[in-house]
Structures are given as structure tokens and as C-alpha cells.
$ cat data-v1.cif   # mmCIF, C-alpha atoms
data_coords
#
loop_
_atom_site.label_atom_id
_atom_site.label_comp_id
_atom_site.auth_asym_id
_atom_site.auth_seq_id
_atom_site.Cartn_x
_atom_site.Cartn_y
_atom_site.Cartn_z
CA MET A 38 25.70 80.63 -7.91
CA ILE A 39 28.98 80.31 -6.05
CA ALA A 40 29.84 77.41 -8.33
CA THR A 41 29.98 79.84 -11.25
CA VAL A 42 33.35 81.08 -9.98
CA ALA A 43 35.03 81.29 -13.32
CA CYS A 44 38.14 79.72 -14.83
CA ALA A 45 39.33 83.11 -16.05
CA GLY A 46 43.12 82.50 -15.90
CA ALA A 47 45.27 84.86 -14.17
CA ALA A 48 43.81 91.89 -7.41
CA ALA A 49 43.79 94.60 -5.71
CA LEU A 50 40.52 95.76 -4.25
CA MET A 51 39.41 98.06 -1.26
CA ALA A 52 36.95 99.78 1.01
CA PRO A 53 37.68 102.15 3.92
CA THR A 54 36.84 105.78 3.26
CA ILE A 55 39.05 108.80 3.81
CA ALA A 56 37.91 111.43 6.27
CA ALA A 57 39.03 114.27 3.99
CA PRO A 58 36.20 115.83 1.96
CA ALA A 59 36.12 115.43 -1.80
CA TYR A 60 36.99 118.45 -3.90
CA ALA A 61 37.09 118.77 -7.64
CA GLN A 62 40.35 120.68 -7.81
CA THR A 63 42.38 117.86 -6.19
CA ARG A 64 45.65 117.50 -8.02
CA ALA A 65 46.29 113.91 -9.11
CA ALA A 66 49.60 112.19 -8.60
CA ASP A 67 51.90 111.27 -11.50
CA PRO A 68 53.24 107.77 -10.74
CA VAL A 69 53.28 106.92 -14.46
CA SER A 70 56.31 109.13 -15.13
CA ALA A 71 58.01 107.84 -11.98
CA LEU A 72 57.43 104.24 -13.06
CA ALA A 73 59.05 104.84 -16.44
CA LYS A 74 62.25 105.88 -14.65
CA GLN A 75 62.32 102.47 -12.94
CA PHE A 76 62.62 100.64 -16.25
CA LYS A 77 66.22 99.49 -16.03
CA VAL A 78 67.69 96.10 -16.89
CA LYS A 79 67.47 93.58 -14.01
CA ARG A 80 65.78 96.03 -11.67
CA GLY A 81 62.31 95.60 -10.29
CA VAL A 82 59.88 95.64 -7.39
CA HIS A 83 58.45 93.23 -4.83
CA MET A 84 54.67 92.94 -4.63
CA THR A 85 52.17 91.34 -2.25
CA SER A 86 48.50 91.10 -3.19
CA ALA A 87 45.48 89.84 -1.25
CA THR A 88 42.03 89.37 -2.76
CA LYS A 89 38.81 88.40 -0.99
CA MET A 90 35.32 87.69 -2.23
CA SER A 91 32.13 87.39 -0.19
CA VAL A 92 28.63 86.46 -1.33
CA ALA A 93 25.63 87.88 0.53
CA GLY A 94 27.96 88.62 3.43
CA MET A 95 29.24 85.04 3.54
CA PRO A 96 32.96 84.28 2.87
CA GLY A 97 33.59 83.06 -0.67
CA PHE A 98 37.30 82.71 -1.33
CA LYS A 99 40.63 84.36 -0.58
CA THR A 100 43.79 84.59 -2.64
CA ARG A 101 47.25 85.84 -1.69
CA THR A 102 50.05 86.40 -4.19
CA GLU A 103 53.63 87.45 -3.47
CA GLY A 104 56.79 87.73 -5.52
CA ASP A 105 59.04 89.85 -7.71
CA VAL A 106 58.55 91.77 -10.94
CA GLN A 107 61.52 92.36 -13.23
CA PHE A 108 61.88 95.37 -15.52
CA GLY A 109 63.74 95.92 -18.77
CA ARG A 110 64.43 99.17 -20.60
CA SER A 111 60.83 99.59 -21.74
CA GLY A 112 58.76 97.83 -19.11
CA ILE A 113 58.13 94.51 -17.41
CA VAL A 114 59.97 91.53 -18.87
CA ALA A 115 59.34 88.84 -16.25
CA SER A 116 57.68 87.98 -12.96
CA ASP A 117 58.04 85.25 -10.33
CA LEU A 118 54.91 84.98 -8.18
CA THR A 119 53.59 82.44 -5.71
CA THR A 120 49.83 82.26 -5.18
CA LYS A 121 47.96 80.64 -2.29
CA ASN A 122 44.24 80.15 -2.82
CA ASP A 123 41.67 79.44 -0.15
CA PHE A 124 38.47 78.20 -1.76
CA GLY A 125 37.53 76.22 1.34
CA ASN A 126 35.40 73.21 0.36
CA LEU A 127 33.99 74.88 -2.73
CA PHE A 128 35.62 72.47 -5.19
CA GLU A 129 36.18 69.44 -2.97
CA ASP A 130 34.10 67.19 -5.24
CA ASP A 131 36.10 68.05 -8.38
CA GLU A 132 39.02 65.64 -8.70
CA ASP A 133 40.80 67.90 -11.20
CA LEU A 134 40.91 70.70 -8.62
CA GLN A 135 42.02 68.79 -5.53
CA GLY A 136 45.26 70.77 -5.30
CA LEU A 137 43.56 74.12 -5.73
CA ASN A 138 44.32 75.29 -2.19
CA GLU A 139 47.99 74.31 -2.45
CA PRO A 140 50.59 77.05 -3.20
CA MET A 141 51.31 77.54 -6.90
CA ARG A 142 54.40 79.27 -8.24
CA THR A 143 54.34 80.93 -11.66
CA ILE A 144 57.36 82.25 -13.53
CA THR A 145 56.37 84.35 -16.54
CA ILE A 146 58.94 85.42 -19.11
CA ASN A 147 57.66 87.36 -22.10
CA LYS A 148 54.64 85.30 -23.23
CA THR A 149 55.52 81.98 -21.64
CA ALA A 150 54.57 80.86 -18.14
CA TYR A 151 56.07 78.05 -16.08
CA VAL A 152 53.84 76.73 -13.29
CA SER A 153 54.63 74.44 -10.39
CA GLY A 154 52.47 73.09 -7.58
CA GLY A 155 48.84 73.94 -6.97
CA ILE A 156 46.40 72.00 -9.12
CA PHE A 157 49.29 71.08 -11.42
CA GLY A 158 51.14 69.19 -8.70
CA ASP A 159 49.46 65.84 -9.44
CA ILE A 160 49.56 66.02 -13.23
CA ILE A 161 53.18 67.00 -13.82
CA PRO A 162 55.30 63.87 -14.50
CA SER A 163 57.26 62.69 -11.47
CA ASP A 164 60.60 63.45 -13.13
CA LYS A 165 59.60 67.07 -13.79
CA THR A 166 58.90 70.04 -11.54
CA TRP A 167 57.43 72.60 -13.93
CA LEU A 168 54.82 72.78 -16.69
CA ARG A 169 55.37 75.22 -19.56
CA VAL A 170 52.19 77.04 -20.58
CA PRO A 171 52.09 79.56 -23.46
CA THR A 172 49.94 82.34 -22.02
CA GLY A 173 49.28 84.46 -25.09
CA ALA A 174 49.80 87.45 -22.77
CA SER A 175 53.01 89.14 -21.74
CA ALA A 176 54.47 89.39 -18.26
CA THR A 177 52.88 92.84 -18.04
CA SER A 178 49.48 91.17 -17.59
CA LEU A 179 50.04 90.86 -13.87
CA GLY A 180 47.01 89.93 -11.88
CA GLY A 181 44.45 89.37 -14.60
CA ASP A 182 41.74 89.82 -11.99
CA GLN A 183 42.97 93.24 -10.97
CA PHE A 184 40.97 96.26 -12.02
CA VAL A 185 43.75 98.72 -11.19
CA ASN A 186 47.05 97.71 -12.74
CA VAL A 187 49.76 100.20 -11.74
CA PHE A 188 51.95 98.91 -14.58
CA ASN A 189 49.37 99.89 -17.22
CA ALA A 190 50.08 103.58 -17.87
CA ARG A 191 46.90 104.43 -19.78
CA SER A 192 44.62 102.67 -17.32
CA LEU A 193 46.39 104.17 -14.32
CA ARG A 194 46.03 107.68 -15.74
CA ALA A 195 42.31 107.07 -16.28
CA VAL A 196 41.92 105.94 -12.68
CA LEU A 197 43.81 108.94 -11.29
CA ALA A 198 41.68 111.27 -13.40
CA THR A 199 38.73 110.30 -11.18
CA THR A 200 40.50 111.43 -7.99
CA LYS A 201 38.06 112.97 -5.52
CA ALA A 202 40.23 113.52 -2.43
CA LYS A 203 43.68 113.09 -0.99
CA GLY A 204 45.20 112.96 2.46
CA ASN A 205 48.12 111.86 4.61
CA GLY A 206 48.85 108.21 3.83
CA GLY A 207 51.39 107.65 6.59
CA THR A 208 54.72 105.89 6.07
CA LEU A 209 54.95 102.87 3.78
CA ASP A 210 58.12 101.11 2.64
CA GLY A 211 60.13 103.67 4.59
CA THR A 212 58.71 106.73 2.83
CA ARG A 213 55.96 109.23 3.56
CA THR A 214 52.96 108.81 1.31
CA THR A 215 49.90 110.68 0.10
CA VAL A 216 46.74 108.63 -0.30
CA TYR A 217 44.41 109.44 -3.19
CA ARG A 218 40.79 108.28 -3.32
CA GLY A 219 38.25 108.09 -6.11
CA SER A 220 35.81 105.93 -8.03
CA ILE A 221 35.49 104.83 -11.64
CA THR A 222 32.95 102.77 -13.57
CA LEU A 223 33.94 99.50 -15.22
CA LYS A 224 32.89 101.00 -18.56
CA GLN A 225 35.42 103.80 -18.06
CA LEU A 226 38.07 101.25 -17.14
CA ALA A 227 37.34 99.16 -20.22
CA ALA A 228 37.80 102.23 -22.41
CA SER A 229 41.09 103.20 -20.76
CA SER A 230 43.39 100.80 -22.61
CA PRO A 231 43.39 97.82 -25.01
CA ALA A 232 44.45 95.51 -22.16
CA MET A 233 41.52 96.55 -19.98
CA LYS A 234 39.13 96.34 -22.94
CA LYS A 235 40.22 92.74 -23.45
CA GLN A 236 39.94 91.92 -19.76
CA LEU A 237 36.40 93.34 -19.64
CA ALA A 238 35.39 92.14 -23.10
CA ASP A 239 32.15 90.55 -21.85
CA LEU A 240 30.99 93.70 -20.10
CA ASP A 241 27.35 94.49 -20.83
CA ALA A 242 25.66 97.90 -20.49
CA LYS A 243 24.31 97.17 -17.02
CA SER A 244 27.57 95.80 -15.62
CA GLY A 245 29.44 98.72 -17.16
CA LYS A 246 27.72 101.06 -14.71
CA THR A 247 29.20 99.16 -11.76
CA VAL A 248 31.40 101.49 -9.70
CA LEU A 249 34.88 100.56 -8.54
CA ASN A 250 36.13 102.46 -5.48
CA TRP A 251 39.89 102.82 -5.27
CA LYS A 252 42.74 104.22 -3.19
CA LEU A 253 46.37 104.78 -4.16
CA TRP A 254 49.22 105.47 -1.73
CA VAL A 255 51.93 107.40 -3.56
CA GLY A 256 55.35 108.16 -2.09
CA ALA A 257 57.21 111.46 -2.26
CA ASP A 258 59.11 109.92 -5.18
CA GLN A 259 55.71 109.42 -6.93
CA LEU A 260 56.02 105.62 -6.88
CA VAL A 261 52.94 103.64 -5.84
CA ARG A 262 53.36 101.85 -2.51
CA ARG A 263 49.85 100.49 -2.15
CA VAL A 264 46.59 100.21 -4.06
CA THR A 265 43.24 99.02 -2.74
CA THR A 266 39.94 98.65 -4.55
CA ALA A 267 36.41 97.49 -3.80
CA VAL A 268 33.49 96.64 -6.02
CA THR A 269 30.04 95.15 -5.43
CA PHE A 270 28.26 93.17 -8.11
CA THR A 271 24.54 92.55 -7.79
CA ILE A 272 23.41 89.28 -9.29
CA LYS A 273 19.70 88.94 -9.96
CA SER A 274 18.09 85.59 -10.69
CA LYS A 275 14.32 85.19 -10.79
CA LYS A 276 13.10 86.88 -7.61
CA MET A 277 16.46 86.79 -5.83
CA SER A 278 19.04 89.54 -5.62
CA ILE A 279 22.50 88.71 -4.27
CA ASP A 280 25.40 91.09 -3.66
CA MET A 281 28.90 89.85 -4.29
CA ASP A 282 31.69 91.97 -2.79
CA LEU A 283 35.23 91.79 -4.15
CA THR A 284 37.97 93.48 -2.16
CA GLY A 285 41.74 93.42 -2.22
CA ASP A 286 44.98 95.08 -1.29
CA THR A 287 48.29 95.19 -3.18
CA LYS A 288 51.54 96.56 -1.74
CA PHE A 289 54.76 97.40 -3.57
CA THR A 290 58.14 97.46 -1.83
CA LYS A 291 61.84 97.53 -2.73
CA TRP A 292 61.45 99.67 -5.85
CA GLY A 293 64.67 99.61 -7.87
CA SER A 294 66.03 96.47 -6.23
CA LYS A 295 68.06 93.93 -8.20
CA VAL A 296 65.80 91.30 -9.76
CA SER A 297 66.94 88.54 -12.12
CA ILE A 298 64.29 86.00 -13.13
CA THR A 299 65.17 83.07 -15.35
CA ALA A 300 63.25 80.14 -16.78
CA PRO A 301 63.55 76.79 -14.94
CA PRO A 302 66.13 74.31 -16.29
CA ALA A 303 64.80 72.62 -19.43
CA SER A 304 65.37 69.20 -17.86
CA GLU A 305 62.79 70.04 -15.18
CA VAL A 306 60.11 71.37 -17.52
CA ALA A 307 57.20 69.37 -18.94
CA THR A 308 54.89 70.42 -21.78
CA SER A 309 51.21 69.71 -22.41
CA ALA A 310 52.30 66.76 -24.58
CA ASP A 311 53.72 65.12 -21.45
CA ILE A 312 50.42 65.38 -19.60
CA ASP A 313 47.95 62.51 -19.51
CA GLY A 314 44.65 64.27 -20.15
CA SER A 315 43.83 67.96 -20.31
CA VAL A 316 45.53 70.74 -18.37
CA PRO A 317 43.11 72.15 -15.76
CA GLU A 318 42.36 75.84 -15.59
CA VAL A 319 42.63 77.74 -12.32
CA PRO A 320 39.30 79.13 -11.04
CA THR A 321 39.58 82.81 -10.20
CA ILE A 322 37.04 85.56 -9.78
CA ILE A 323 33.84 85.99 -11.73
CA THR A 324 34.00 88.53 -14.53
CA PRO A 325 31.15 91.00 -15.02
CA GLY A 326 30.22 89.44 -18.37
CA MET A 327 30.08 85.96 -16.90
CA MET A 328 27.90 87.16 -14.06
CA ALA A 329 25.52 88.81 -16.50
CA ALA A 330 25.29 85.55 -18.43
CA LYS A 331 24.49 83.59 -15.27
CA SER A 332 21.92 86.02 -13.89
#
$ encode --input "data-v1.cif" --output "C-alpha cells"
Amino acid sequence: MIATVACAGAAALMAPTIAAPAYAQTRAADPVSALAKQFKVKRGVHMTSATKMSVAGMPGFKTRTEGDVQFGRSGIVASDLTTKNDFGNLFEDDEDLQGLNEPMRTITINKTAYVSGGIFGDIIPSDKTWLRVPTGASATSLGGDQFVNVFNARSLRAVLATTKAKGNGGTLDGTRTTVYRGSITLKQLAASSPAMKKQLADLDAKSGKTVLNWKLWVGADQLVRRVTTAVTFTIKSKKMSIDMDLTGDTKFTKWGSKVSITAPPASEVATSADIDGSVPEVPTIITPGMMAAKS
């Protein structure tokens, strides 16, 4: 079952509960409006994301991503992120994935991604450093495995609408924060925006009822400083029932800092035509639809 970890392409997930009691009249934060004010040319934010999956209580894999996001006048225009996967020995017998646990850097500008290292390290020609990969998705599609994307206004509003409680979030990135807590079903998430509908396209009726627990730490300036989420998928096969827990934690710092991301020099970039064989896909987390198909 673990081997079904999917090649989904390009998380922020959580767990601890808040001591404050839930109450229906909790007023939700408004980080969407605050984010829009950050959309200025060559300004951005630094983000760090950690994702972890466990199967039946046993460690599955871990992923850590860190880098910068660049804004334009109407939203995200580019990102420069380095990802370090830890799949342990899960894919040690697959020659195409030998570099899976090596750091991989991805520069995304509009709908084009440039990757270096990781599983691409051994297939990129020796006189090149980068591989250009048309993604079909814009730079706004940060963290394709993330269920709560703070850069997706419609989805973020839908998440905040399920707020159950709030409390003192302490100081993060030098500012006092309020932490909001709630839960939302994957079906509700899929209906929140076209991007989420596409990400959860394989969602079946049963998987749609799966509940995602979330927390958002929002500063006094209404900017998100941290988001955590947690979800448990139950996979049933014959007479077996296995729980798969997916958790993660994403932090945002240096809002409004100067960020200027450019494509690598053309002389250092290879294309798929320069590759001997096919370009491998990066295994990431299992999607609900894929799990339903495997169960």
C-alpha cells in the first residue's frame, strides 16, 4: 500500500487542539484583504513548509520546503523553493528515483518551472545545471499537496468560514498573533475554488466526507504567519483497515521584503529533448481519489 505513494507533481497540515472552547459567533480573520495589499512589484514573502505522513502509526515520508515567493501587482508571479524529501528506503529499488532524497531546487516563473538536483541530478546533461519543465500551472500553485493555500483567496475564505474557536497565538515573526481553529471537509474544499476542484478532481463521495482540521496564526496586520493542518485517510482493502495520517506546518516570514526571482541563464538550461529517456515524476502524497482507487 505504501508503494502507491503517487507521482502527483507538486503542505501544510496539523494536529494540536486549542484549549479555548468552540463558539459559533467567533469572528473570522480577514487575511485575504491584507494579502492583496502585499501585491507589489518585486516584493514577497519567505516560506518554510514541513509535511509528514505516517501509515498505521509507522513513519512514511517527510518533506521540507523552503524559499521565497515573489509578488506582482495582482498576485504571485514567481517562486524559488528548495525541497528535501525523506522517503527512507521506500524507493531504493527504483533506479529512476535514486536521487529522490537529494535536495531539489525549483524556480517557477509564470507557467514554466526550472528544476535542479533531486531525481533530476543524474539525467541533466553534464554541461547543464537546470531542466526546463512546462508545468501547465502558474506560480500561484504553490504546494500542490497543500489543502490550505493562503494565496488562494476563495479557498482561504471558505476555510475561515468554518472557524470554531480562536485564542492567543503568541509572537511569530516579531508580531503578536491570534490563532484560529476549525475543520472543513474535502468536499467543501473542492467546491471552494477552481484550483481546489482541480486538485481534488478524483474525490469520490466517501473521500469527500474526510475532515481536515486546520489552524491559522494571523498577525495584528491580518497577515498569516503560520498554518497547520491534519487529516486522516482510512484505506480499506479486503478485511484490512489502515489509517494514514498526513500532517504539516507552514510558516511565513518577512512579508513585504524585496524579492527578485529570475530564470537561470539559458546556457545552463536543458530541455526534455536533451534528456536520454523520459523525465521522471516526483512521488508526493497520495490523493484521496487515488486512495479510493487502490482500496
$ resolve_selection --input "data-v1.cif" --expression "the PyMOL selection byres ((chain A and resi 100) around 6)" --output "list in words"
Ala87, Thr88, Lys99, Arg101, Lys121 and Asn122 of chain A
$ atom_distance --input "data-v1.cif" --atom1 "atom CA of Phe289 of chain A" --atom2 "atom CA of His83 of chain A"
5.7 Å
$ closest_residue --input "data-v1.cif" --among "A:Lys203, A:Ile160, A:Val216, A:Pro171" --to "Asp313 of chain A" --atoms "all atoms listed in the file"
A:Ile160
$ resolve_selection --input "data-v1.cif" --expression "the PyMOL selection byres ((chain A and resi 233) around 12)" --output "number ranges by chain"
A: 178-186, 188-193, 195-196, 223-232, 234-240
$ closest_residue --input "data-v1.cif" --among "A:Val69, A:Met95, A:Ala150, A:Val78" --to "Ser294 of chain A" --atoms "all atoms listed in the file"
A:Val78
$ resolve_selection --input "data-v1.cif" --expression "the PyMOL selection byres ((chain A and resi 111) around 10)" --output "ChimeraX atom specification"
/A:73-78,108-110,112-114
$ atom_distance --input "data-v1.cif" --atom1 "atom CA of Thr290 of chain A" --atom2 "atom CA of Asp117 of chain A"
14.9 Å
$ closest_residue --input "data-v1.cif" --among "A:Thr284, A:Thr102, A:Ser297, A:Ser86" --to "Thr269 of chain A" --atoms "all atoms listed in the file"
A:Thr284
$ build_atoms --input "data-v1.cif" --residues "segment 285-302 of chain A" --atoms "N, CA, C and O atoms" --output "mmCIF file, in the frame of the given file"
data_model
loop_
_atom_site.group_PDB
_atom_site.id
_atom_site.type_symbol
_atom_site.label_atom_id
_atom_site.label_comp_id
_atom_site.auth_asym_id
_atom_site.auth_seq_id
_atom_site.Cartn_x
_atom_site.Cartn_y
_atom_site.Cartn_z
ATOM 1 N N GLY A 285 40.352 93.852 -2.176
ATOM 2 C CA GLY A 285 41.740 93.420 -2.220
ATOM 3 C C GLY A 285 42.706 94.532 -1.880
ATOM 4 O O GLY A 285 42.316 95.688 -1.734
ATOM 5 N N ASP A 286 43.966 94.159 -1.788
ATOM 6 C CA ASP A 286 44.980 95.080 -1.290
ATOM 7 C C ASP A 286 46.328 94.657 -1.851
ATOM 8 O O ASP A 286 46.770 93.524 -1.620
ATOM 9 N N THR A 287 46.982 95.514 -2.618
ATOM 10 C CA THR A 287 48.290 95.190 -3.180
ATOM 11 C C THR A 287 49.325 96.204 -2.694
ATOM 12 O O THR A 287 49.093 97.409 -2.738
ATOM 13 N N LYS A 288 50.459 95.696 -2.231
ATOM 14 C CA LYS A 288 51.540 96.560 -1.740
ATOM 15 C C LYS A 288 52.801 96.341 -2.577
ATOM 16 O O LYS A 288 53.101 95.220 -2.991
ATOM 17 N N PHE A 289 53.542 97.438 -2.776
ATOM 18 C CA PHE A 289 54.760 97.400 -3.570
ATOM 19 C C PHE A 289 55.932 97.895 -2.709
ATOM 20 O O PHE A 289 55.861 98.973 -2.121
ATOM 21 N N THR A 290 56.978 97.095 -2.629
ATOM 22 C CA THR A 290 58.140 97.460 -1.830
ATOM 23 C C THR A 290 59.431 97.195 -2.622
ATOM 24 O O THR A 290 59.416 96.516 -3.642
ATOM 25 N N LYS A 291 60.508 97.754 -2.141
ATOM 26 C CA LYS A 291 61.840 97.530 -2.730
ATOM 27 C C LYS A 291 61.918 97.963 -4.186
ATOM 28 O O LYS A 291 62.495 97.269 -5.033
ATOM 29 N N TRP A 292 61.338 99.134 -4.498
ATOM 30 C CA TRP A 292 61.450 99.670 -5.850
ATOM 31 C C TRP A 292 62.926 99.845 -6.206
ATOM 32 O O TRP A 292 63.722 100.342 -5.420
ATOM 33 N N GLY A 293 63.301 99.429 -7.407
ATOM 34 C CA GLY A 293 64.670 99.610 -7.870
ATOM 35 C C GLY A 293 65.641 98.546 -7.405
ATOM 36 O O GLY A 293 66.838 98.632 -7.693
ATOM 37 N N SER A 294 65.145 97.526 -6.704
ATOM 38 C CA SER A 294 66.030 96.470 -6.230
ATOM 39 C C SER A 294 66.479 95.565 -7.381
ATOM 40 O O SER A 294 65.848 95.530 -8.438
ATOM 41 N N LYS A 295 67.564 94.840 -7.172
ATOM 42 C CA LYS A 295 68.060 93.930 -8.200
ATOM 43 C C LYS A 295 67.147 92.712 -8.304
ATOM 44 O O LYS A 295 66.876 92.048 -7.316
ATOM 45 N N VAL A 296 66.677 92.440 -9.516
ATOM 46 C CA VAL A 296 65.800 91.300 -9.760
ATOM 47 C C VAL A 296 66.256 90.602 -11.040
ATOM 48 O O VAL A 296 66.370 91.244 -12.085
ATOM 49 N N SER A 297 66.523 89.304 -10.950
ATOM 50 C CA SER A 297 66.940 88.540 -12.120
ATOM 51 C C SER A 297 66.155 87.232 -12.150
ATOM 52 O O SER A 297 66.410 86.318 -11.382
ATOM 53 N N ILE A 298 65.164 87.164 -13.038
ATOM 54 C CA ILE A 298 64.290 86.000 -13.130
ATOM 55 C C ILE A 298 64.611 85.213 -14.387
ATOM 56 O O ILE A 298 64.679 85.769 -15.488
ATOM 57 N N THR A 299 64.834 83.931 -14.216
ATOM 58 C CA THR A 299 65.170 83.070 -15.350
ATOM 59 C C THR A 299 64.210 81.886 -15.429
ATOM 60 O O THR A 299 63.570 81.527 -14.437
ATOM 61 N N ALA A 300 64.117 81.302 -16.601
ATOM 62 C CA ALA A 300 63.250 80.140 -16.780
ATOM 63 C C ALA A 300 63.856 78.941 -16.058
ATOM 64 O O ALA A 300 65.078 78.842 -15.886
ATOM 65 N N PRO A 301 63.034 77.999 -15.597
ATOM 66 C CA PRO A 301 63.550 76.790 -14.940
ATOM 67 C C PRO A 301 64.411 75.987 -15.913
ATOM 68 O O PRO A 301 64.255 76.119 -17.139
ATOM 69 N N PRO A 302 65.315 75.161 -15.415
ATOM 70 C CA PRO A 302 66.130 74.310 -16.290
ATOM 71 C C PRO A 302 65.247 73.465 -17.204
ATOM 72 O O PRO A 302 64.231 72.922 -16.761
#
